[in-house]
file work-v9.txt (compact mmCIF, C-alpha atoms and all ligand atoms)
# COMPACT_ATOMS: atom_id res chain seq x y z
CA MET D 1358 10.06 2.31 -176.40
CA THR D 1359 11.52 0.23 -173.57
CA PHE D 1360 15.27 -0.07 -173.49
CA ASN D 1361 16.58 -3.62 -173.90
CA ASP D 1362 19.72 -3.80 -171.77
CA THR D 1363 20.02 -7.62 -171.78
CA PHE D 1364 23.45 -7.36 -173.47
CA LEU D 1365 24.88 -5.25 -170.62
CA ARG D 1366 23.07 -7.26 -167.94
CA SER D 1367 24.52 -10.51 -169.23
CA ILE D 1368 28.06 -9.08 -169.29
CA ARG D 1369 27.55 -7.94 -165.68
CA LYS D 1370 26.36 -11.50 -164.87
CA GLU D 1371 22.94 -10.21 -163.77
CA SER D 1372 19.73 -12.16 -164.35
CA ILE D 1373 18.53 -12.33 -167.96
CA ASP D 1374 15.43 -13.80 -169.60
CA HIS D 1375 17.18 -14.58 -172.90
CA VAL D 1376 20.72 -14.79 -174.22
CA PRO D 1377 21.66 -11.50 -175.92
CA VAL D 1378 23.02 -11.65 -179.44
CA TRP D 1379 24.64 -9.33 -181.96
CA TYR D 1380 26.83 -10.11 -184.94
CA MET D 1381 30.17 -8.80 -186.09
CA ARG D 1382 29.60 -7.12 -189.50
CA GLN D 1383 25.83 -7.12 -188.89
CA ALA D 1384 25.63 -4.08 -191.18
CA GLY D 1385 27.12 -5.06 -194.50
CA ARG D 1386 26.91 -6.42 -197.99
CA TYR D 1387 24.75 -9.45 -197.16
CA GLN D 1388 21.90 -6.87 -196.81
CA ALA D 1389 20.16 -5.83 -200.06
CA ASP D 1390 19.41 -2.36 -198.64
CA TYR D 1391 23.08 -1.89 -197.76
CA ARG D 1392 24.18 -2.94 -201.25
CA LYS D 1393 21.80 -0.30 -202.65
CA ILE D 1394 23.37 2.39 -200.46
CA LYS D 1395 26.83 1.18 -201.54
CA GLU D 1396 25.93 1.82 -205.21
CA LYS D 1397 25.96 5.53 -204.35
CA TYR D 1398 28.34 5.89 -201.42
CA SER D 1399 31.67 4.36 -200.37
CA LEU D 1400 32.24 3.14 -196.81
CA MET D 1401 34.26 6.26 -195.98
CA GLN D 1402 31.54 8.49 -197.47
CA ILE D 1403 28.82 6.80 -195.38
CA CYS D 1404 30.94 7.48 -192.28
CA GLU D 1405 30.98 11.21 -193.19
CA ILE D 1406 27.16 11.51 -193.30
CA PRO D 1407 25.88 11.04 -189.72
CA ASP D 1408 22.18 10.52 -190.58
CA LEU D 1409 23.03 7.87 -193.17
CA CYS D 1410 25.67 6.25 -190.97
CA ALA D 1411 23.17 6.07 -188.08
CA GLU D 1412 20.59 4.54 -190.41
CA VAL D 1413 23.05 1.85 -191.58
CA THR D 1414 23.97 1.10 -187.94
CA LEU D 1415 20.29 0.80 -186.99
CA SER D 1416 19.19 -1.37 -189.88
CA PRO D 1417 20.27 -4.80 -188.50
CA VAL D 1418 18.62 -3.99 -185.15
CA ARG D 1419 15.30 -3.37 -186.92
CA GLN D 1420 15.76 -6.25 -189.35
CA HIS D 1421 16.81 -9.03 -186.94
CA ASN D 1422 15.92 -7.72 -183.46
CA VAL D 1423 19.51 -8.14 -182.23
CA ASP D 1424 20.32 -7.02 -178.67
CA ALA D 1425 23.09 -4.53 -179.50
CA ALA D 1426 24.11 -2.21 -182.31
CA ILE D 1427 27.70 -1.75 -183.44
CA LEU D 1428 28.70 1.63 -184.79
CA TYR D 1429 29.05 1.50 -188.56
CA SER D 1430 32.64 2.48 -189.30
CA ASP D 1431 35.89 0.68 -189.99
CA ILE D 1432 39.03 0.08 -187.97
CA MET D 1433 40.92 2.26 -190.48
CA VAL D 1434 38.67 5.35 -190.09
CA PRO D 1435 40.62 6.85 -187.11
CA VAL D 1436 43.94 6.00 -188.78
CA LYS D 1437 43.34 8.40 -191.67
CA PRO D 1438 43.55 11.57 -189.53
CA LEU D 1439 46.96 10.42 -188.21
CA GLY D 1440 48.22 11.13 -191.72
CA VAL D 1441 47.85 7.71 -193.34
CA ASN D 1442 46.37 7.69 -196.86
CA VAL D 1443 44.02 4.77 -196.47
CA ASP D 1444 41.21 3.71 -198.76
CA ILE D 1445 38.84 0.76 -198.39
CA VAL D 1446 38.85 -1.02 -201.74
CA ALA D 1447 35.81 -3.19 -202.52
CA GLY D 1448 36.59 -6.89 -202.30
CA ILE D 1449 40.13 -6.24 -201.05
CA GLY D 1450 39.98 -4.23 -197.83
CA PRO D 1451 42.15 -1.39 -196.54
CA VAL D 1452 44.86 -0.19 -198.94
CA ILE D 1453 47.51 2.37 -197.97
CA ASP D 1454 49.73 4.23 -200.42
CA ASN D 1455 52.18 5.59 -197.83
CA PRO D 1456 53.02 2.55 -195.65
CA ILE D 1457 55.03 2.94 -192.45
CA ARG D 1458 58.62 1.88 -192.99
CA SER D 1459 60.85 4.14 -190.84
CA LEU D 1460 61.05 5.92 -187.51
CA ALA D 1461 60.47 9.20 -189.36
CA ASP D 1462 57.20 7.74 -190.69
CA VAL D 1463 56.10 6.87 -187.15
CA GLN D 1464 57.16 10.25 -185.76
CA ALA D 1465 55.14 11.98 -188.48
CA LEU D 1466 51.91 10.34 -187.25
CA ARG D 1467 49.71 12.98 -185.61
CA PRO D 1468 47.93 12.40 -182.31
CA LEU D 1469 44.17 11.84 -182.74
CA GLU D 1470 41.87 14.71 -181.74
CA PRO D 1471 38.43 13.09 -181.99
CA GLU D 1472 36.38 16.32 -181.81
CA ASN D 1473 38.36 17.89 -184.66
CA ASP D 1474 39.27 14.80 -186.65
CA LEU D 1475 36.14 12.68 -186.46
CA PRO D 1476 33.16 15.00 -185.84
CA ALA D 1477 30.85 12.92 -188.09
CA THR D 1478 31.55 9.75 -186.09
CA LEU D 1479 30.82 11.49 -182.80
CA GLU D 1480 27.65 13.05 -184.25
CA THR D 1481 26.54 9.60 -185.48
CA ILE D 1482 26.95 8.25 -181.93
CA ARG D 1483 24.89 11.17 -180.57
CA ILE D 1484 22.07 10.47 -183.05
CA LEU D 1485 22.11 6.74 -182.26
CA LYS D 1486 22.04 7.35 -178.53
CA ASN D 1487 18.60 8.92 -179.00
CA GLU D 1488 17.23 6.46 -181.53
CA LEU D 1489 18.36 3.06 -180.29
CA ASN D 1490 16.49 0.87 -177.82
CA VAL D 1491 19.57 -1.37 -177.39
CA PRO D 1492 23.15 -0.54 -176.30
CA LEU D 1493 25.55 0.88 -178.87
CA ILE D 1494 28.96 -0.79 -179.13
CA GLY D 1495 31.90 1.39 -180.14
CA PHE D 1496 35.12 -0.13 -181.40
CA ALA D 1497 38.70 0.24 -182.51
CA GLY D 1498 41.23 -1.99 -184.19
CA ALA D 1499 44.01 -3.25 -181.92
CA PRO D 1500 47.60 -2.03 -182.49
CA PHE D 1501 48.93 -5.20 -184.16
CA THR D 1502 45.98 -5.51 -186.52
CA LEU D 1503 46.14 -1.80 -187.46
CA ALA D 1504 49.93 -1.95 -187.80
CA SER D 1505 49.65 -4.95 -190.11
CA TYR D 1506 47.76 -2.81 -192.65
CA MET D 1507 49.94 0.26 -192.05
CA VAL D 1508 53.21 -1.61 -192.53
CA GLU D 1509 52.19 -4.04 -195.30
CA GLY D 1510 50.27 -1.34 -197.21
CA GLY D 1511 47.22 -3.61 -197.50
CA PRO D 1512 45.82 -7.00 -196.51
CA SER D 1513 48.41 -9.75 -196.07
CA ARG D 1514 48.44 -13.47 -195.49
CA GLU D 1515 51.76 -13.92 -193.74
CA TYR D 1516 52.58 -10.42 -192.36
CA HIS D 1517 56.22 -10.70 -193.39
CA LYS D 1518 56.94 -6.94 -193.49
CA THR D 1519 55.20 -6.43 -190.15
CA LYS D 1520 57.07 -9.25 -188.43
CA LYS D 1521 60.34 -8.22 -190.06
CA MET D 1522 59.96 -4.75 -188.52
CA MET D 1523 59.07 -6.27 -185.15
CA TYR D 1524 62.09 -8.59 -185.08
CA SER D 1525 64.71 -6.29 -186.66
CA GLU D 1526 63.75 -2.86 -185.36
CA PRO D 1527 62.08 -3.36 -181.98
CA LYS D 1528 62.42 0.34 -181.04
CA LEU D 1529 60.68 1.42 -184.23
CA TRP D 1530 58.00 -1.25 -183.64
CA GLN D 1531 57.43 -0.08 -180.07
CA ALA D 1532 57.19 3.55 -181.21
CA LEU D 1533 54.42 2.49 -183.61
CA MET D 1534 52.67 0.48 -180.88
CA ASP D 1535 52.86 3.51 -178.56
CA LYS D 1536 51.32 5.85 -181.13
CA LEU D 1537 48.52 3.43 -181.93
CA GLY D 1538 47.95 2.74 -178.22
CA ASP D 1539 47.51 6.48 -177.61
CA MET D 1540 45.10 6.77 -180.54
CA ILE D 1541 42.97 3.85 -179.33
CA ILE D 1542 42.77 5.13 -175.74
CA THR D 1543 41.75 8.63 -176.87
CA TYR D 1544 39.24 7.31 -179.41
CA MET D 1545 37.58 4.85 -177.00
CA LYS D 1546 37.18 7.54 -174.34
CA ALA D 1547 35.56 9.86 -176.91
CA GLN D 1548 33.18 7.15 -178.16
CA VAL D 1549 31.99 6.37 -174.65
CA ALA D 1550 31.72 10.08 -173.73
CA HIS D 1551 29.39 10.56 -176.71
CA GLY D 1552 27.14 7.59 -175.99
CA CYS D 1553 28.66 4.16 -176.60
CA SER D 1554 27.75 1.70 -173.81
CA ALA D 1555 30.43 -0.90 -174.53
CA ILE D 1556 33.57 -1.11 -176.64
CA GLN D 1557 35.17 -3.91 -178.62
CA ILE D 1558 38.82 -4.01 -179.59
CA PHE D 1559 39.26 -6.02 -182.82
CA ASP D 1560 42.58 -7.83 -183.01
CA SER D 1561 41.55 -9.87 -186.01
CA TRP D 1562 45.02 -10.89 -187.19
CA ILE D 1563 46.83 -11.29 -183.85
CA GLY D 1564 46.70 -15.09 -184.17
CA ALA D 1565 49.62 -14.74 -186.63
CA LEU D 1566 51.96 -14.27 -183.65
CA SER D 1567 53.35 -17.01 -181.43
CA HIS D 1568 52.59 -17.06 -177.72
CA ASP D 1569 56.04 -15.64 -176.85
CA ASP D 1570 56.12 -12.98 -179.59
CA TYR D 1571 52.70 -11.74 -178.49
CA ARG D 1572 54.05 -11.46 -174.95
CA ARG D 1573 57.11 -9.53 -176.01
CA TYR D 1574 55.96 -7.29 -178.83
CA VAL D 1575 52.24 -6.65 -178.27
CA PHE D 1576 51.07 -7.59 -174.79
CA PRO D 1577 52.65 -4.58 -173.00
CA THR D 1578 50.68 -2.25 -175.27
CA MET D 1579 47.41 -4.19 -174.74
CA LYS D 1580 48.05 -4.07 -171.00
CA ARG D 1581 48.51 -0.30 -171.12
CA ILE D 1582 45.43 0.30 -173.28
CA PHE D 1583 43.07 -1.66 -171.05
CA SER D 1584 44.64 -0.28 -167.84
CA GLU D 1585 44.09 3.27 -169.03
CA LEU D 1586 40.50 2.39 -169.93
CA LYS D 1587 39.87 0.59 -166.63
CA ASP D 1588 37.58 3.26 -165.20
CA LEU D 1589 35.66 3.77 -168.42
CA ASN D 1590 31.97 3.37 -167.72
CA ALA D 1591 31.57 0.71 -170.40
CA PRO D 1592 32.52 -2.98 -170.56
CA LYS D 1593 35.47 -3.82 -172.78
CA ILE D 1594 35.44 -6.76 -175.20
CA TYR D 1595 38.67 -8.06 -176.75
CA PHE D 1596 38.29 -10.18 -179.89
CA GLY D 1597 40.77 -11.86 -182.18
CA ALA D 1598 40.81 -14.82 -184.55
CA ASN D 1599 43.07 -17.86 -184.06
CA THR D 1600 43.73 -16.88 -180.46
CA SER D 1601 43.46 -20.11 -178.42
CA HIS D 1602 47.23 -20.00 -177.76
CA LEU D 1603 46.97 -16.41 -176.48
CA LEU D 1604 43.91 -16.56 -174.20
CA ASP D 1605 45.94 -17.41 -171.08
CA GLN D 1606 47.63 -13.99 -171.36
CA TRP D 1607 44.30 -12.20 -171.84
CA THR D 1608 43.35 -13.14 -168.27
CA GLU D 1609 45.88 -10.52 -167.11
CA LEU D 1610 44.07 -7.71 -168.96
CA ASP D 1611 41.49 -5.29 -167.53
CA ILE D 1612 38.69 -6.50 -169.77
CA GLU D 1613 35.20 -7.75 -169.00
CA VAL D 1614 34.51 -9.90 -172.07
CA VAL D 1615 36.66 -12.37 -174.02
CA GLY D 1616 35.62 -12.65 -177.66
CA VAL D 1617 36.06 -16.28 -178.72
CA ASP D 1618 36.66 -17.22 -182.34
CA TRP D 1619 34.93 -20.25 -183.87
CA ARG D 1620 37.90 -22.60 -183.83
CA VAL D 1621 37.72 -23.36 -180.09
CA SER D 1622 34.73 -24.47 -178.01
CA LEU D 1623 33.36 -22.15 -175.35
CA ASP D 1624 34.06 -24.95 -172.82
CA HIS D 1625 37.71 -24.93 -173.80
CA ALA D 1626 37.92 -21.12 -173.70
CA ARG D 1627 36.40 -21.18 -170.20
CA SER D 1628 38.91 -23.78 -169.08
CA ILE D 1629 41.65 -21.29 -170.00
CA VAL D 1630 40.19 -17.95 -168.86
CA GLY D 1631 38.17 -19.17 -165.84
CA ASP D 1632 34.89 -17.65 -164.70
CA LYS D 1633 36.02 -14.05 -164.12
CA PHE D 1634 35.20 -12.94 -167.67
CA ALA D 1635 32.05 -13.02 -169.72
CA LEU D 1636 32.43 -14.89 -173.01
CA GLN D 1637 31.22 -13.71 -176.41
CA GLY D 1638 30.95 -15.97 -179.42
CA ASN D 1639 31.40 -18.13 -181.32
CA LEU D 1640 29.36 -19.68 -184.15
CA ASP D 1641 31.32 -20.31 -187.34
CA PRO D 1642 29.54 -17.84 -189.66
CA VAL D 1643 29.55 -20.45 -192.46
CA TYR D 1644 26.79 -22.31 -190.55
CA LEU D 1645 24.49 -19.55 -191.86
CA LEU D 1646 24.78 -21.27 -195.25
CA ALA D 1647 23.69 -24.65 -193.81
CA PRO D 1648 20.13 -26.05 -193.55
CA TYR D 1649 18.22 -24.53 -190.61
CA ASP D 1650 18.19 -27.77 -188.59
CA VAL D 1651 22.00 -27.97 -188.76
CA LEU D 1652 22.33 -24.25 -187.93
CA GLU D 1653 19.97 -24.58 -184.97
CA ALA D 1654 21.75 -27.65 -183.56
CA GLU D 1655 25.08 -25.83 -183.63
CA ALA D 1656 23.61 -22.66 -182.08
CA ALA D 1657 21.92 -24.74 -179.35
CA LYS D 1658 25.25 -26.40 -178.54
CA ILE D 1659 26.91 -23.00 -178.16
CA ILE D 1660 24.06 -21.64 -176.02
CA ASP D 1661 24.17 -24.69 -173.73
CA GLN D 1662 27.90 -24.23 -173.22
CA GLY D 1663 27.58 -20.46 -172.85
CA LEU D 1664 24.90 -20.74 -170.18
CA LYS D 1665 27.02 -22.98 -167.94
CA GLN D 1666 28.33 -19.82 -166.26
CA PRO D 1667 26.80 -16.35 -165.92
CA GLY D 1668 28.20 -13.87 -168.45
CA PHE D 1669 27.50 -14.91 -172.04
CA VAL D 1670 26.78 -13.03 -175.26
CA PHE D 1671 26.03 -14.94 -178.45
CA ASN D 1672 27.97 -13.82 -181.51
CA LEU D 1673 29.73 -15.30 -184.48
CA GLY D 1674 33.31 -16.50 -184.31
CA HIS D 1675 34.12 -13.93 -187.03
CA GLY D 1676 32.12 -11.49 -189.16
CA LEU D 1677 29.10 -12.07 -191.40
CA PHE D 1678 30.14 -12.27 -195.06
CA PRO D 1679 28.36 -11.16 -198.24
CA ASP D 1680 26.78 -14.47 -199.35
CA VAL D 1681 24.92 -15.12 -196.09
CA PRO D 1682 21.12 -15.02 -196.71
CA GLU D 1683 19.43 -12.22 -194.76
CA ALA D 1684 16.59 -14.55 -193.76
CA ALA D 1685 19.05 -16.96 -192.11
CA VAL D 1686 20.30 -14.14 -189.85
CA THR D 1687 16.74 -13.26 -188.81
CA HIS D 1688 15.95 -16.95 -188.27
CA LEU D 1689 19.08 -17.55 -186.17
CA THR D 1690 18.39 -14.51 -183.98
CA GLN D 1691 14.82 -15.66 -183.29
CA PHE D 1692 16.07 -19.17 -182.54
CA ILE D 1693 18.71 -17.90 -180.07
CA HIS D 1694 16.09 -15.83 -178.27
CA ASP D 1695 13.46 -18.62 -178.13
CA TYR D 1696 15.78 -21.48 -177.28
CA SER D 1697 17.67 -19.59 -174.57
CA LYS D 1698 14.38 -18.33 -173.04
CA ARG D 1699 13.25 -21.95 -172.71
CA ARG D 1700 16.57 -23.03 -171.20
CA LEU D 1701 16.63 -20.13 -168.73
CA SER D 1702 13.02 -20.68 -167.63
CA GLU D 1703 13.75 -24.36 -166.90
CA ARG D 1704 16.19 -23.29 -164.17
O1 LIG A 1 28.62 -4.15 -188.61
C1 LIG A 1 29.77 -4.02 -188.14
O2 LIG A 1 30.43 -4.97 -187.68
C2 LIG A 1 30.35 -2.63 -188.02
C3 LIG A 1 31.17 -2.20 -189.08
C4 LIG A 1 32.58 -2.71 -189.27
C5 LIG A 1 33.20 -2.68 -190.54
N1 LIG A 1 34.50 -3.05 -190.39
C6 LIG A 1 32.55 -2.25 -191.80
C7 LIG A 1 33.09 -2.78 -193.06
C8 LIG A 1 33.52 -3.18 -188.36
C9 LIG A 1 33.37 -3.46 -186.87
C10 LIG A 1 34.73 -3.39 -189.09
C11 LIG A 1 35.98 -3.83 -188.44
C12 LIG A 1 37.09 -4.29 -189.30
N2 LIG A 1 37.55 -3.74 -190.47
C13 LIG A 1 37.97 -5.34 -188.96
C14 LIG A 1 37.86 -6.16 -187.72
C15 LIG A 1 36.77 -7.17 -187.81
C16 LIG A 1 37.08 -8.35 -188.68
O3 LIG A 1 36.27 -8.59 -189.61
O4 LIG A 1 38.07 -9.03 -188.43
C17 LIG A 1 38.93 -5.46 -189.98
C18 LIG A 1 40.04 -6.47 -190.05
C19 LIG A 1 38.66 -4.43 -190.93
C20 LIG A 1 39.40 -4.13 -192.18
C21 LIG A 1 38.52 -4.38 -193.33
N3 LIG A 1 37.58 -3.48 -193.79
C22 LIG A 1 38.39 -5.57 -194.11
C23 LIG A 1 39.24 -6.81 -193.97
C24 LIG A 1 37.34 -5.36 -195.02
C25 LIG A 1 36.75 -6.37 -196.00
C26 LIG A 1 37.15 -6.20 -197.40
C27 LIG A 1 36.04 -6.69 -198.30
O5 LIG A 1 35.58 -5.91 -199.14
O6 LIG A 1 35.58 -7.85 -198.14
C28 LIG A 1 36.86 -4.06 -194.81
C29 LIG A 1 35.74 -3.42 -195.51
C30 LIG A 1 34.49 -3.32 -194.71
N4 LIG A 1 34.39 -2.78 -193.46
C31 LIG A 1 33.19 -3.71 -195.14
C32 LIG A 1 32.31 -3.35 -194.12
C33 LIG A 1 30.81 -3.48 -194.09
C34 LIG A 1 32.85 -4.39 -196.47
C35 LIG A 1 33.05 -3.53 -197.64
C36 LIG A 1 32.09 -2.39 -197.82
O7 LIG A 1 30.90 -2.51 -197.48
O8 LIG A 1 32.55 -1.36 -198.32
call {"tool": "encode", "arguments": {"input": "work-v9.txt", "output": "C-alpha cells", "more": "lines below"}}
Ligand code: CP3
result
Amino acid sequence: MTFNDTFLRSIRKESIDHVPVWYMRQAGRYQADYRKIKEKYSLMQICEIPDLCAEVTLSPVRQHNVDAAILYSDIMVPVKPLGVNVDIVAGIGPVIDNPIRSLADVQALRPLEPENDLPATLETIRILKNELNVPLIGFAGAPFTLASYMVEGGPSREYHKTKKMMYSEPKLWQALMDKLGDMIITYMKAQVAHGCSAIQIFDSWIGALSHDDYRRYVFPTMKRIFSELKDLNAPKIYFGANTSHLLDQWTELDIEVVGVDWRVSLDHARSIVGDKFALQGNLDPVYLLAPYDVLEAEAAKIIDQGLKQPGFVFNLGHGLFPDVPEAAVTHLTQFIHDYSKRRLSER
C-alpha cells in the first residue's frame, strides 16, 4: 500500500500531480452505513470504541478515495472531561445541562489529561496510523465556538449569552478563553504525538463577532494557541464560517493553511491573506444537490482559482449534510482528481 501524501505536499507547496481533497463531515449521516451504525450507537459511544471509531473514520477514504482522513469525534468530546455535562442530541447538536455562568464555574473546569481522559481517542489514532494510506487530520474546536455552546447551553443563533458575558465580564470571559486555550494546546499535542499528521481548528461560529471584538476578546487566545503549537510537526489549518472580515487578522497567526468558507471566492481570500498560506476550500456543500454539470463547473472554477498559487487543498466551504447523495460525493472527488490532473499536466 503506497502512502498518498499529496495533501501534505500541497500544503508544503511541493509538486503535486493532482489537487488533494477531503471534506468536512466526510463521515456522517449522508452515508447509509453510518446511519446503520447510528441505529445502535450514539456519537459519544462510537468515540469510546476505538475499532469502530477507526472504521467510521476510514469509511469515506475507502468510499470516495479522498486524500485525507479526519478523526471521527466531535469538538465537544474533550470538553466533557473538563467537567461539562455535554450530550450530542440528534438533529440539534451539543446540549449542556450545566452551562458556564460564573467565575466559580470556570475555576471548576479541570485541566485536560489526554492519556487519562481520552484513552479511546488516542487508541483510535494509533489504529488509524497503521491502517490509513493517507494522512490523518486531528482537530479541536476553537475557544469561541466551544464557549458558545458552554455558555448558551446548546446551539444558538445570536449568541446573546456568550456576547453578554464577553462585554460585561471580560475577566470571566478571559478566564474561560485561557482554560479552553490550555485544553486545545494539550489536546493537539497529544493527537500529533499519537499519529495525526495535520490539525484543524474549527471556529465555526466566530463570524458572529465584529472585526474589533474578535481582536479584543478572541484574537489574543488564538495567537497564544498557534504560537505554542508552532513547533508541532504537523501543519495547522484554521477554519471558520462567515470570516471574510476576520481573515486580515489571521495573517498574524502561526498557521500554514487558511480554511475558506463558501461565501468568499478563493481569489478574494488570497487578496487578503497573500501567498504565504495555503488555502483550503471552499465549495458550497449545497452544490452536491445540483445536477453534475453544474457541480462540475463550480468545482472547476474553484480548482482554477486554487491552482493560481502553490498551496491548495480542495474542501467544502462548510460540512457535508445528511441529504447529500453519497454518489455525488464520489463523483465530485473523481472529478477533482481528473480535472486537476489535466490542469497540472498542461503546465
Ligand atoms: O467527518 C468529520 O468531519 C469528523 C467528525 C466531526 C463531527 N463533528 C462529527 C459529528 C467533526 C470534525 C465535527 C466538528 C464539529 N462539531 C463542529 C465544527 C464543524 C462544523 O460543522 O462547523 C461543530 C460546530 C460541532 C458541533 C456539532 N456536533 C453540531 C453543530 C452537530 C450537528 C447536529 C446535527 O445533528 O445536525 C454535531 C453532531 C455531529 N458531529 C454529527 C457528526 C457526524 C451528526 C450527528 C450524529 O451523527 O450523531
call {"tool": "closest_residue", "arguments": {"input": "work-v9.txt", "among": "D:Arg1467, D:His1694, D:Lys1397, D:Arg1386", "to": "ligand LIG 1 (chain A)", "atoms": "all atoms listed in the file"}}
result
D:Arg1386
call {"tool": "atom_distance", "arguments": {"input": "work-v9.txt", "atom1": "atom CA of D:Asp1618", "atom2": "atom CA of D:Leu1652"}}
result
16.9 Å
call {"tool": "closest_residue", "arguments": {"input": "work-v9.txt", "among": "D:Ser1561, D:Gln1666, D:Thr1478, D:Gln1548", "to": "ligand LIG 1 (chain A)", "atoms": "all atoms listed in the file"}}
result
D:Ser1561
call {"tool": "closest_atom_pairs", "arguments": {"input": "work-v9.txt", "of": "chain D", "to": "ligand LIG 1 (chain A)", "cutoff": "7 Å", "atoms": "all atoms listed in the file", "output": "Markdown table"}}
result
| residue | atom | partner | partner_atom | distance |
| --- | --- | --- | --- | --- |
| D:Tyr1380 | CA | A:LIG1 | O2 | 6.8 |
| D:Met1381 | CA | A:LIG1 | O2 | 4.2 |
| D:Arg1382 | CA | A:LIG1 | O2 | 2.9 |
| D:Gln1383 | CA | A:LIG1 | O1 | 4.1 |
| D:Ala1384 | CA | A:LIG1 | O1 | 3.9 |
| D:Gly1385 | CA | A:LIG1 | C33 | 4.0 |
| D:Arg1386 | CA | A:LIG1 | O7 | 5.6 |
| D:Lys1395 | CA | A:LIG1 | O7 | 6.8 |
| D:Ser1399 | CA | A:LIG1 | O8 | 6.1 |
| D:Leu1400 | CA | A:LIG1 | O8 | 4.8 |
| D:Ile1427 | CA | A:LIG1 | C2 | 5.4 |
| D:Leu1428 | CA | A:LIG1 | C2 | 5.6 |
| D:Tyr1429 | CA | A:LIG1 | C3 | 4.3 |
| D:Ser1430 | CA | A:LIG1 | C3 | 4.9 |
| D:Asp1431 | CA | A:LIG1 | N1 | 4.0 |
| D:Ile1432 | CA | A:LIG1 | N2 | 4.8 |
| D:Met1433 | CA | A:LIG1 | C20 | 6.8 |
| D:Ile1445 | CA | A:LIG1 | C29 | 5.9 |
| D:Val1446 | CA | A:LIG1 | O5 | 6.4 |
| D:Ala1447 | CA | A:LIG1 | O5 | 4.3 |
| D:Gly1448 | CA | A:LIG1 | O5 | 3.5 |
| D:Ile1449 | CA | A:LIG1 | C26 | 4.7 |
| D:Gly1450 | CA | A:LIG1 | C26 | 3.5 |
| D:Pro1451 | CA | A:LIG1 | C21 | 5.7 |
| D:Phe1496 | CA | A:LIG1 | C9 | 6.6 |
| D:Gly1498 | CA | A:LIG1 | C14 | 6.4 |
| D:Thr1502 | CA | A:LIG1 | C18 | 7.0 |
| D:Phe1559 | CA | A:LIG1 | C14 | 5.1 |
| D:Asp1560 | CA | A:LIG1 | C14 | 6.9 |
| D:Ser1561 | CA | A:LIG1 | O4 | 4.3 |
| D:His1675 | CA | A:LIG1 | O3 | 6.3 |
| D:Gly1676 | CA | A:LIG1 | O3 | 5.1 |
call {"tool": "atom_distance", "arguments": {"input": "work-v9.txt", "atom1": "atom CA of D:Tyr1544", "atom2": "atom CA of D:Arg1369"}}
result
23.6 Å
call {"tool": "residues_near_point", "arguments": {"input": "work-v9.txt", "point": "(36.3, -22.2, -179.0)", "cutoff": "10 Å", "atoms": "only C-alpha atoms", "output": "list in words"}}
result
Asn1599, Thr1600, Ser1601, Gly1616, Val1617, Asp1618, Trp1619, Arg1620, Val1621, Ser1622, Leu1623, Asp1624, His1625, Ala1626, Arg1627, Gly1638, Asn1639, Leu1640, Asp1641, Ile1659 and Gly1674 of chain D
call {"tool": "atom_distance", "arguments": {"input": "work-v9.txt", "atom1": "atom CA of D:Ala1555", "atom2": "atom CA of D:Phe1501"}}
result
21.3 Å
call {"tool": "closest_residue", "arguments": {"input": "work-v9.txt", "among": "D:Ile1368, D:Ile1693, D:Leu1415, D:Leu1537", "to": "D:Lys1633", "atoms": "all atoms listed in the file"}}
result
D:Ile1368
call {"tool": "residues_around", "arguments": {"input": "work-v9.txt", "residues": "D:Leu1610", "least_positions_apart": "6", "cutoff": "12 Å", "atoms": "only C-alpha atoms", "output": "PyMOL selection string"}}
result
chain D and resi 1576-1587+1593-1595+1603-1604+1630+1633-1634
call {"tool": "write_last_selection", "arguments": {"input": "work-v9.txt", "atoms": "C-alpha atoms", "output": "compact mmCIF listing (two decimals), keeping the file's coordinate frame"}}
result
# COMPACT_ATOMS: atom_id res chain seq x y z
CA PHE D 1576 51.07 -7.59 -174.79
CA PRO D 1577 52.65 -4.58 -173.00
CA THR D 1578 50.68 -2.25 -175.27
CA MET D 1579 47.41 -4.19 -174.74
CA LYS D 1580 48.05 -4.07 -171.00
CA ARG D 1581 48.51 -0.30 -171.12
CA ILE D 1582 45.43 0.30 -173.28
CA PHE D 1583 43.07 -1.66 -171.05
CA SER D 1584 44.64 -0.28 -167.84
CA GLU D 1585 44.09 3.27 -169.03
CA LEU D 1586 40.50 2.39 -169.93
CA LYS D 1587 39.87 0.59 -166.63
CA LYS D 1593 35.47 -3.82 -172.78
CA ILE D 1594 35.44 -6.76 -175.20
CA TYR D 1595 38.67 -8.06 -176.75
CA LEU D 1603 46.97 -16.41 -176.48
CA LEU D 1604 43.91 -16.56 -174.20
CA VAL D 1630 40.19 -17.95 -168.86
CA LYS D 1633 36.02 -14.05 -164.12
CA PHE D 1634 35.20 -12.94 -167.67
call {"tool": "closest_residue", "arguments": {"input": "work-v9.txt", "among": "D:Ile1457, D:Val1423, D:Ile1556, D:Ile1406", "to": "D:His1375", "atoms": "all atoms listed in the file"}}
result
D:Val1423
call {"tool": "closest_residue", "arguments": {"input": "work-v9.txt", "among": "D:Ile1373, D:Ala1497, D:Leu1689, D:Leu1409", "to": "D:Leu1646", "atoms": "only C-alpha atoms"}}
result
D:Leu1689
call {"tool": "residues_around", "arguments": {"input": "work-v9.txt", "residues": "D:Ala1426", "least_positions_apart": "5", "cutoff": "8 Å", "atoms": "all atoms listed in the file", "output": "number ranges by chain"}}
result
D: 1379, 1414-1415, 1417-1418, 1491-1494
call {"tool": "residues_around", "arguments": {"input": "work-v9.txt", "residues": "D:Arg1366", "least_positions_apart": "6", "cutoff": "12 Å", "atoms": "all atoms listed in the file", "output": "count of residues only"}}
result
20
call {"tool": "closest_residue", "arguments": {"input": "work-v9.txt", "among": "D:Met1507, D:Ile1403, D:Val1615, D:Ile1541", "to": "D:Pro1435", "atoms": "all atoms listed in the file"}}
result
D:Ile1541
